[in-house]
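Colleague: One structure follows; several queries about it will come next.
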Amino acid sequence: MFKVNENYLKLPGSYLFSTIGKKVAAYTAAHPEKEIIRLGIGDVTQPLAPAIIEAMHKAVDEMACKETFKGYAPDLGYEFLRSAIAKNDYQDRGCDIAADEIFVSDGAKCDCSNIQEIFSADCRIAVCDPVYPVYVDSNVMAGRAGEYNTVTEMFSNVIYMPCTEGNNFSPEFPKENPDLIYLCYPNNPTGATITKDELQGWVDYANKIGAVILYDAAYEAYISEADVPHSIYECEGARTCAIEMRSFSKNAGFTGVRLGFTVVPKELKDADGVALHGLWARRHGTKYNGAPYIIQKAGEAVYSEAGKAQLKEQVAYYMNNAKVIYDGLKEAGFSVSGGVNAPYIWLKTPGNMTSWEFFDHLLEDVNVVGTPGSGFGPSGEGYFRLTAFGTYENTVKAVERMKTLL
């Protein structure tokens with residue numbers, strides 16, 4: 001009789017957002033007359049920009065013509081998209097990244113979980129706490145996280161780096177040296193950022209101990225302050241210690257069409273001198289058939305002059321929502337952070353409520369959905385995440401409703 005992979009049985013409980021979905025569905029079924037405002041899952045609400053739609057239509061027309069039809073995409077992605085990424089996201093910012101170091105995919109979520117496959121099973125990982133759950137769960141599935149402690153809600157082989165109000169929600173170097181370090185800036189869920197000097201410190205630390213930083217820059221488009229880096233490759237020495245993942249979901253509204261990429265510099269090698277670039281290329285080519293041509297042409301349009309202008313307006317729309325949430329809740333007496341260089345607001349739950357108690361209170365009493373902080377790790381307990389990706393009208397209504405709670 002077959003057996004399942006026992007690592008999957010070590011995953012704690014159900015997936016955070018599945019639990020939220022079930023709770024909201026049950027409440028909606030019981031109260032169909034209620035208007036539920038969802039500020040929990042970070043899905044965008046603005047339609048794709050006109051420049052992107054135009055590029056997709058043209059690509060569809062090409063697929064209808066025998067002379068311009070496209071089948072499987074190249075393993076790394078089409079050259080037109082990789083070159084646009086290399087120039088606009090890296091070279092124009094002074095980062096030494098070439099087009100053939102960019103691997104196009106269907107999103108950062110897949111890449112940040114799949115990338116761990118190329119590392120040894122006995123590598124120790126370090127994560128910020130609170131943490132985007134995919135980082136930990138994917139390593140649990142790979143057998144790298146050890147045993148789960150139901151009391152501490154931690155895995156034995158994972159180094160948790162607390163990010164609390166006391167350290168401005170930024171991690172400190174761990175006492176135990178990890179092999180893989182997950183960093184996400186601007187941060188999901190806390191909305192925190194670090195300066196270029198602080199990020200340089202992490203690059204120097206990783207090079208010193210021989211670790212790899214897995215850098216999730218999915219929210220870089222929301223950065224507005226000059227001293228906050230958009231890429232880890234703005235730091236000296238990052239090419240020998242860092243892999244960067246990015247997404248088109250939040251900067252360009254591709255949550256429904258899917259596109260992202262990962263950068264693996266050719267200088268990045270393990271202790272035996274094995275280049276990670278070649279390993280990821282082999283994994284990518286073996287397990288992935290490439291993002292569709294139509295979607296990659298849409299991605300290219302993100303970097304057109306019209307695309308840049310239109311997406312700048314969309315980002316501003318969401319960041320205005322973030323300001324509405326931040327200012328409104330702070331004025332009402334909530335303790336809030338984030339929302340400046342990121343589309344997430346991180347607030348303390350009032351009255352010593354647990355994060356799930358506050359979730360239920362918010363859903364049942366004012367019909368607003370957010371995300372309990374405990375779902376992101378032990379240090380997330382007592383906190384709550386709201387996203388700025390709703391419509392402006394719903395964002396204003398949600399804040400007005402929440403003001404009645406205090």
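Identifiers in this document derive from the order of the structure tokens: chains are assigned A, B, ..., residues are numbered from 1 separately in each chain, and ligands are numbered from 1 in order of occurrence.
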Please, which residues of stretch 89-287 of chain A, numbered as in this document, come out helix (DSSP H, G or I) from DSSP, as a PyMOL selection string?
Modeller: chain A and resi 89-93+99-101+108-118+133-141+165-167+196-209+220-222+232-234+238-240+249-252+254-256+276-287
Colleague: Determine, using only C-alpha atoms, which residues of stretch 215-305 of chain A have any atom at most 9 Å from an atom of stretch 315-324 of chain A, and tabulate each with its shortest atom pair and distance in Å to one decimal place, rows ordered by chain and then rising number, as a Markdown table.
Modeller:
| residue | atom | partner | partner_atom | distance |
| --- | --- | --- | --- | --- |
| A:Ala221 | CA | A:Val315 | CA | 7.4 |
| A:Tyr222 | CA | A:Val315 | CA | 6.5 |
| A:Lys250 | CA | A:Val315 | CA | 8.5 |
| A:Asn251 | CA | A:Val315 | CA | 6.8 |
| A:Ala252 | CA | A:Val315 | CA | 8.4 |
Colleague: Store the residues of this selection in a file with N, CA, C and O atoms, as a CSV table (one decimal), in the first residue's frame.
Modeller:
chain,number,residue,atom,x,y,z
A,221,ALA,N,7.6,48.2,-5.9
A,221,ALA,CA,7.0,49.3,-6.6
A,221,ALA,C,6.3,50.3,-5.7
A,221,ALA,O,6.1,51.5,-6.1
A,222,TYR,N,6.1,49.9,-4.4
A,222,TYR,CA,5.4,50.8,-3.5
A,222,TYR,C,6.4,51.6,-2.6
A,222,TYR,O,5.9,52.4,-1.8
A,250,LYS,N,1.4,42.6,-7.9
A,250,LYS,CA,1.0,43.8,-7.1
A,250,LYS,C,1.4,45.1,-7.8
A,250,LYS,O,0.7,46.2,-7.6
A,251,ASN,N,2.5,45.1,-8.5
A,251,ASN,CA,2.9,46.4,-9.2
A,251,ASN,C,2.1,46.6,-10.5
A,251,ASN,O,2.0,47.7,-11.0
A,252,ALA,N,1.5,45.5,-11.1
A,252,ALA,CA,0.9,45.7,-12.4
A,252,ALA,C,-0.5,45.0,-12.5
A,252,ALA,O,-1.1,44.9,-13.5
Colleague: Can you pull out every residue within 7 Å of stretch 160-167 of chain A, counting only C-alpha atoms, but drop anything in the same chain fewer than 6 positions away, and send it as a short mmCIF file (atom, residue, chain, number, x, y, z; two decimals) with C-alpha atoms, in the first residue's frame?
Modeller:
data_model
loop_
_atom_site.label_atom_id
_atom_site.label_comp_id
_atom_site.auth_asym_id
_atom_site.auth_seq_id
_atom_site.Cartn_x
_atom_site.Cartn_y
_atom_site.Cartn_z
CA ALA A 126 16.19 31.68 9.07
CA VAL A 127 12.93 33.57 8.66
CA CYS A 128 11.52 36.81 9.98
CA ASP A 129 8.77 36.31 12.54
CA PRO A 130 6.05 37.19 11.57
CA PRO A 174 20.54 35.37 14.55
CA SER A 379 5.48 37.14 16.96
#
Colleague: Going by DSSP on the backbone, which bits of stretch 71-279 of chain A are strand (DSSP E)? Write them as number ranges by chain, please.
Modeller: A: 102-105, 125-129, 148-149, 154-155, 158-162, 180-184, 212-216, 242-247, 260-263
Colleague: Of the candidates A:His31, A:Lys348, A:Arg385, A:Lys266, which one gets nearest to A:Asp96 if we count only C-alpha atoms?
Modeller: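 Smallest distance to A:Asp96 is found for A:Lys266.
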Colleague: Do a neighbour search on stretch 257-263 of chain A at 8 Å with only C-alpha atoms, toss out local chain neighbours closer than 2 positions, and write the hits as number ranges by chain.
Modeller: A: 101-108, 111, 243-249, 254-255, 265, 291, 295-296, 299
Colleague: How about saving the chosen residues, C-alpha atoms kept, as an mmCIF file, in the first residue's frame?
Modeller:
data_model
loop_
_atom_site.group_PDB
_atom_site.id
_atom_site.type_symbol
_atom_site.label_atom_id
_atom_site.label_comp_id
_atom_site.auth_asym_id
_atom_site.auth_seq_id
_atom_site.Cartn_x
_atom_site.Cartn_y
_atom_site.Cartn_z
ATOM 1 C CA GLU A 101 20.473 35.847 -15.083
ATOM 2 C CA ILE A 102 16.703 36.388 -15.073
ATOM 3 C CA PHE A 103 14.307 33.425 -15.035
ATOM 4 C CA VAL A 104 10.713 34.278 -15.987
ATOM 5 C CA SER A 105 7.998 32.356 -14.128
ATOM 6 C CA ASP A 106 4.305 32.503 -13.254
ATOM 7 C CA GLY A 107 4.834 34.378 -9.994
ATOM 8 C CA ALA A 108 6.961 34.971 -6.927
ATOM 9 C CA ASP A 111 9.550 30.751 -7.042
ATOM 10 C CA ILE A 243 18.763 35.429 -5.035
ATOM 11 C CA GLU A 244 15.925 37.882 -5.699
ATOM 12 C CA MET A 245 12.291 37.079 -6.480
ATOM 13 C CA ARG A 246 9.809 39.533 -7.988
ATOM 14 C CA SER A 247 6.201 39.534 -9.108
ATOM 15 C CA PHE A 248 4.008 41.429 -11.548
ATOM 16 C CA SER A 249 0.953 40.779 -9.360
ATOM 17 C CA PHE A 254 -1.276 40.426 -12.712
ATOM 18 C CA THR A 255 -2.878 38.382 -9.911
ATOM 19 C CA PRO A 265 23.638 35.739 -10.427
ATOM 20 C CA ALA A 291 4.883 31.629 -18.952
ATOM 21 C CA ILE A 295 1.408 37.100 -20.754
ATOM 22 C CA GLN A 296 5.085 37.816 -21.373
ATOM 23 C CA GLY A 299 4.822 41.977 -19.022
#
Colleague: For the atom pair atom CA of A:Phe119 and atom CA of A:Gly143, what is the interatomic distance in Å to one decimal place?
Modeller: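 The value is 11.6 Å.
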Colleague: If we count only C-alpha atoms, what is near A:Phe17 at a cut-off of 12 Å, once residues fewer than 3 positions away on the same chain are taken out, given as a list in words?
Modeller: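 Contacts, with the query itself left out: Gly13, Ser14, Ile20, Gly21, Lys22, Lys23, Val24, Gly40, Ile41, Gly42, Asp43, Tyr132, Pro133, Val134, Val369, Gly370, Thr371, Pro372, Gly373, Gly375 and Phe376 of chain A.
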Colleague: Output the selection as a compact mmCIF listing (two decimals), in the first residue's frame - N, CA, C and O atoms for each residue.
Modeller:
# COMPACT_ATOMS: atom_id res chain seq x y z
N GLY A 13 -1.99 22.65 11.22
CA GLY A 13 -3.35 23.10 10.93
C GLY A 13 -3.62 23.25 9.45
O GLY A 13 -3.05 22.57 8.60
N SER A 14 -4.50 24.18 9.10
CA SER A 14 -4.83 24.46 7.72
C SER A 14 -4.13 25.74 7.28
O SER A 14 -3.66 26.52 8.10
N ILE A 20 -9.41 31.58 6.65
CA ILE A 20 -10.14 32.84 6.53
C ILE A 20 -11.30 32.69 5.56
O ILE A 20 -12.43 33.11 5.84
N GLY A 21 -11.04 32.08 4.42
CA GLY A 21 -12.08 31.89 3.41
C GLY A 21 -13.26 31.09 3.93
O GLY A 21 -14.42 31.43 3.65
N LYS A 22 -12.98 30.06 4.70
CA LYS A 22 -14.07 29.22 5.24
C LYS A 22 -14.89 30.00 6.27
O LYS A 22 -16.12 29.90 6.30
N LYS A 23 -14.21 30.77 7.12
CA LYS A 23 -14.92 31.56 8.13
C LYS A 23 -15.82 32.60 7.46
O LYS A 23 -16.98 32.79 7.87
N VAL A 24 -15.29 33.28 6.46
CA VAL A 24 -16.06 34.32 5.78
C VAL A 24 -17.24 33.70 5.03
O VAL A 24 -18.36 34.23 5.04
N GLY A 40 -8.42 41.52 3.61
CA GLY A 40 -7.58 40.46 4.14
C GLY A 40 -6.55 39.98 3.13
O GLY A 40 -5.36 40.27 3.23
N ILE A 41 -6.99 39.25 2.12
CA ILE A 41 -6.08 38.72 1.11
C ILE A 41 -5.61 39.85 0.20
O ILE A 41 -6.40 40.72 -0.19
N GLY A 42 -4.33 39.85 -0.14
CA GLY A 42 -3.74 40.94 -0.91
C GLY A 42 -4.00 40.84 -2.39
O GLY A 42 -3.05 40.81 -3.19
N ASP A 43 -5.27 40.75 -2.80
CA ASP A 43 -5.60 40.71 -4.22
C ASP A 43 -5.98 42.11 -4.68
O ASP A 43 -6.68 42.84 -3.97
N TYR A 132 5.80 35.47 5.93
CA TYR A 132 4.91 34.96 4.88
C TYR A 132 4.93 33.44 4.96
O TYR A 132 5.99 32.82 4.84
N PRO A 133 3.79 32.78 5.21
CA PRO A 133 3.79 31.35 5.54
C PRO A 133 4.42 30.44 4.51
O PRO A 133 4.91 29.36 4.85
N VAL A 134 4.42 30.83 3.24
CA VAL A 134 4.95 29.97 2.19
C VAL A 134 6.43 29.63 2.42
O VAL A 134 6.87 28.52 2.12
N VAL A 369 -13.16 42.17 6.86
CA VAL A 369 -12.26 41.01 6.92
C VAL A 369 -10.81 41.48 6.84
O VAL A 369 -10.45 42.27 5.96
N GLY A 370 -10.00 41.01 7.77
CA GLY A 370 -8.55 41.23 7.74
C GLY A 370 -7.84 39.92 7.93
O GLY A 370 -8.44 38.85 7.78
N THR A 371 -6.56 39.97 8.29
CA THR A 371 -5.77 38.75 8.45
C THR A 371 -5.16 38.71 9.84
O THR A 371 -4.42 39.62 10.23
N PRO A 372 -5.45 37.65 10.62
CA PRO A 372 -4.88 37.53 11.97
C PRO A 372 -3.37 37.39 11.94
O PRO A 372 -2.82 36.59 11.18
N GLY A 373 -2.70 38.18 12.79
CA GLY A 373 -1.24 38.16 12.80
C GLY A 373 -0.65 36.84 13.20
O GLY A 373 0.45 36.48 12.75
N GLY A 375 -1.33 34.02 12.26
CA GLY A 375 -1.18 33.15 11.10
C GLY A 375 0.15 33.32 10.41
O GLY A 375 0.53 32.50 9.56
N PHE A 376 0.88 34.38 10.77
CA PHE A 376 2.20 34.63 10.18
C PHE A 376 3.34 34.21 11.10
O PHE A 376 4.51 34.40 10.75
Colleague: Excluding A:Gly71 and residues on its chain fewer than 2 positions from it, collect all residues at most 12 Å away from it, counting only C-alpha atoms, and give them as a list in words.
Modeller: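 In the requested form, the answer reads Glu62, Met63, Ala64, Lys66, Glu67, Thr68, Phe69, Ala73, Pro74, Tyr78, Asn289, Gly290, Ala291, Pro292, Tyr293 and Ile294 of chain A.
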Colleague: A:Val4, A:Tyr383, A:Gln46, A:Ser170: which is nearest A:Gln310, counting only C-alpha atoms?
Modeller: A:Gln46
Colleague: Select, from A:Ala142, A:Leu405, A:Leu39, A:Ala218, the residue with the minimum atom-to-atom distance to A:Gln116, counting only C-alpha atoms.
Modeller: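 Using only C-alpha atoms, A:Gln116 sits closest to A:Ala142.
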Colleague: Please report, as a tab-separated table, each residue of stretch 93-191 of chain A lying at most 9 Å from stretch 225-233 of chain A, together with the nearest pair of atoms and the separation in Å rounded to one decimal; use only C-alpha atoms, and order rows by chain and ascending residue number.
Modeller:
residue	atom	partner	partner_atom	distance
A:Arg93	CA	A:His230	CA	8.6
A:Gly94	CA	A:Tyr233	CA	8.7
A:Cys95	CA	A:Tyr233	CA	5.6
A:Asp96	CA	A:Tyr233	CA	7.4
A:Ile97	CA	A:Tyr233	CA	8.0
A:Tyr185	CA	A:His230	CA	8.4
A:Pro186	CA	A:His230	CA	8.7
Colleague: Would you export the selected residues with N, CA, C and O atoms as an mmCIF file, in the first residue's frame, please?
Modeller:
data_model
loop_
_atom_site.group_PDB
_atom_site.id
_atom_site.type_symbol
_atom_site.label_atom_id
_atom_site.label_comp_id
_atom_site.auth_asym_id
_atom_site.auth_seq_id
_atom_site.Cartn_x
_atom_site.Cartn_y
_atom_site.Cartn_z
ATOM 1 N N ARG A 93 19.059 51.242 -12.263
ATOM 2 C CA ARG A 93 19.289 51.545 -10.846
ATOM 3 C C ARG A 93 20.738 51.280 -10.428
ATOM 4 O O ARG A 93 21.064 51.277 -9.250
ATOM 5 N N GLY A 94 21.587 51.017 -11.423
ATOM 6 C CA GLY A 94 22.996 50.792 -11.130
ATOM 7 C C GLY A 94 23.325 49.392 -10.680
ATOM 8 O O GLY A 94 24.421 49.143 -10.150
ATOM 9 N N CYS A 95 22.414 48.445 -10.898
ATOM 10 C CA CYS A 95 22.634 47.051 -10.491
ATOM 11 C C CYS A 95 23.174 46.246 -11.669
ATOM 12 O O CYS A 95 22.636 46.302 -12.776
ATOM 13 N N ASP A 96 24.208 45.480 -11.417
ATOM 14 C CA ASP A 96 24.865 44.691 -12.453
ATOM 15 C C ASP A 96 24.152 43.349 -12.617
ATOM 16 O O ASP A 96 24.596 42.316 -12.091
ATOM 17 N N ILE A 97 23.034 43.359 -13.316
ATOM 18 C CA ILE A 97 22.263 42.141 -13.576
ATOM 19 C C ILE A 97 22.043 42.032 -15.083
ATOM 20 O O ILE A 97 21.564 42.978 -15.724
ATOM 21 N N TYR A 185 11.243 42.620 1.679
ATOM 22 C CA TYR A 185 11.120 44.081 1.866
ATOM 23 C C TYR A 185 10.684 44.758 0.576
ATOM 24 O O TYR A 185 11.240 44.446 -0.477
ATOM 25 N N PRO A 186 9.712 45.671 0.685
ATOM 26 C CA PRO A 186 8.861 45.964 1.828
ATOM 27 C C PRO A 186 8.192 44.696 2.332
ATOM 28 O O PRO A 186 7.837 43.827 1.553
#
Colleague: Could you check the closest approach to A:Met141 for each of A:Gly380, A:Gly339, A:Gly307, A:Pro12 and tell me which residue wins, using only C-alpha atoms?
Modeller: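 Ranking A:Gly380, A:Gly339, A:Gly307, A:Pro12 by distance to A:Met141, first place goes to A:Pro12.
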